[in-house]
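Working notes, beginning with the structure itself.
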Amino acid sequence: MDQLSAEARILAAIRAIPRGRVAGYGEVARRAGLPGRARLVARILAGNGDDALPWHRVLRSDGRIAFAENSRGWREQARRLRAEGVEVVRGRVRMVRPDADLDAALWGPSA
DNA sequence: CCCGTGACTCTAC
DNA sequence: CGTAGAGCCACGG
């Protein structure tokens with residue numbers, strides 16, 4: 001596979017995250033068939049310009065917003081998440097850590 | 001080719 | 001639950 005299709009798959013994986021739900025960079029990468037490429041996902045997002053892309057639903061593995069606290073992106077992401085009903089406390093969302101095998105664990109912040 | 005940087009992650013303590 | 005360190009991947013100087 002080349003990087004172009006890899007990017008396309010990553011973007012598709014992000015677009016597939018339901019409204020009101022979140023996913024980690026690593027999850028997105030894995031779902032795109034690129035395990036271990038969490039940083040690639042971050043890089044793609046950093047260069048993305050598509051506003052229609054639900055980039056705000058992508059968080060770190062621990063549920064924290066990846067941007068520096070109180071930075072512009074940080075605030076914007078928190079705002080967008082709350083706008084769709086996601087509870088954001090101190091820049092972080094309740095994420096499920098356990099074995100990401102079940103769809104529920106893979107897609108939801110709280111079951 | 002080595003080195004620094006980053007919207008990352010995992011393991012220890 | 002929080003910090004510290006090492007590992008990782010892609011990129012640009």
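Naming works like this for the structure tokens: A, B, ... for the chains as they're shown, residue 1 at the start of each chain, ligands 1 onward in shown order.
Those residues in chain A carrying a DSSP assignment of strand (DSSP E or B), computed from the backbone, are A:Ala23, A:Gly24, A:Val58, A:Leu59, A:Arg64, A:Val88, A:Val89, A:Arg92, A:Val93.
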Can I get the residues of chain B within 9 Å of chain A, each with the closest pair of atoms and their distance in Å to one decimal, using only C-alpha atoms (C1' of nucleotides), sorted chain first then ascending number, as CSV?
residue,atom,partner,partner_atom,distance
B:DG6,C1',A:Arg43,CA,8.1
B:DA7,C1',A:Ala42,CA,5.0
B:DC8,C1',A:Arg39,CA,5.0
B:DT9,C1',A:Ser61,CA,7.3
Pull C-alpha atoms (C1' of nucleotides) from the residues just selected and write them as a PDB file, in the first residue's frame.
ATOM      1  C1'  DG B   6       5.512  16.432  16.899  1.00  0.00           C
ATOM      2  C1'  DA B   7      -2.596  16.865  17.256  1.00  0.00           C
ATOM      3  C1'  DC B   8       1.298   9.624  19.814  1.00  0.00           C
ATOM      4  C1'  DT B   9       1.562   5.304  23.169  1.00  0.00           C
TER       5       DT B   9
END
Please identify all residues of chain C having at least one atom at most 9 Å from any atom of chain A, considering only C-alpha atoms (C1' of nucleotides), and return them as number ranges by chain.
C: 8-10
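Those residues that approach C:DG13 to within 12 Å, counting only C-alpha atoms (C1' of nucleotides), are DC2, DC3, DG4 and DT5 of chain B; same-chain residues fewer than 6 positions away are not listed.
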For C:DG5, list every protein, DNA or RNA residue within 12 Å, evaluated using only C-alpha atoms (C1' of nucleotides), and leave out those in the same chain fewer than 3 positions away; present the list as number ranges by chain.
B: 10-13
Picked from chain A by DSSP as alpha helix (DSSP H), as number ranges by chain:
A: 3-15, 25-31, 38-47, 72-83, 103-107
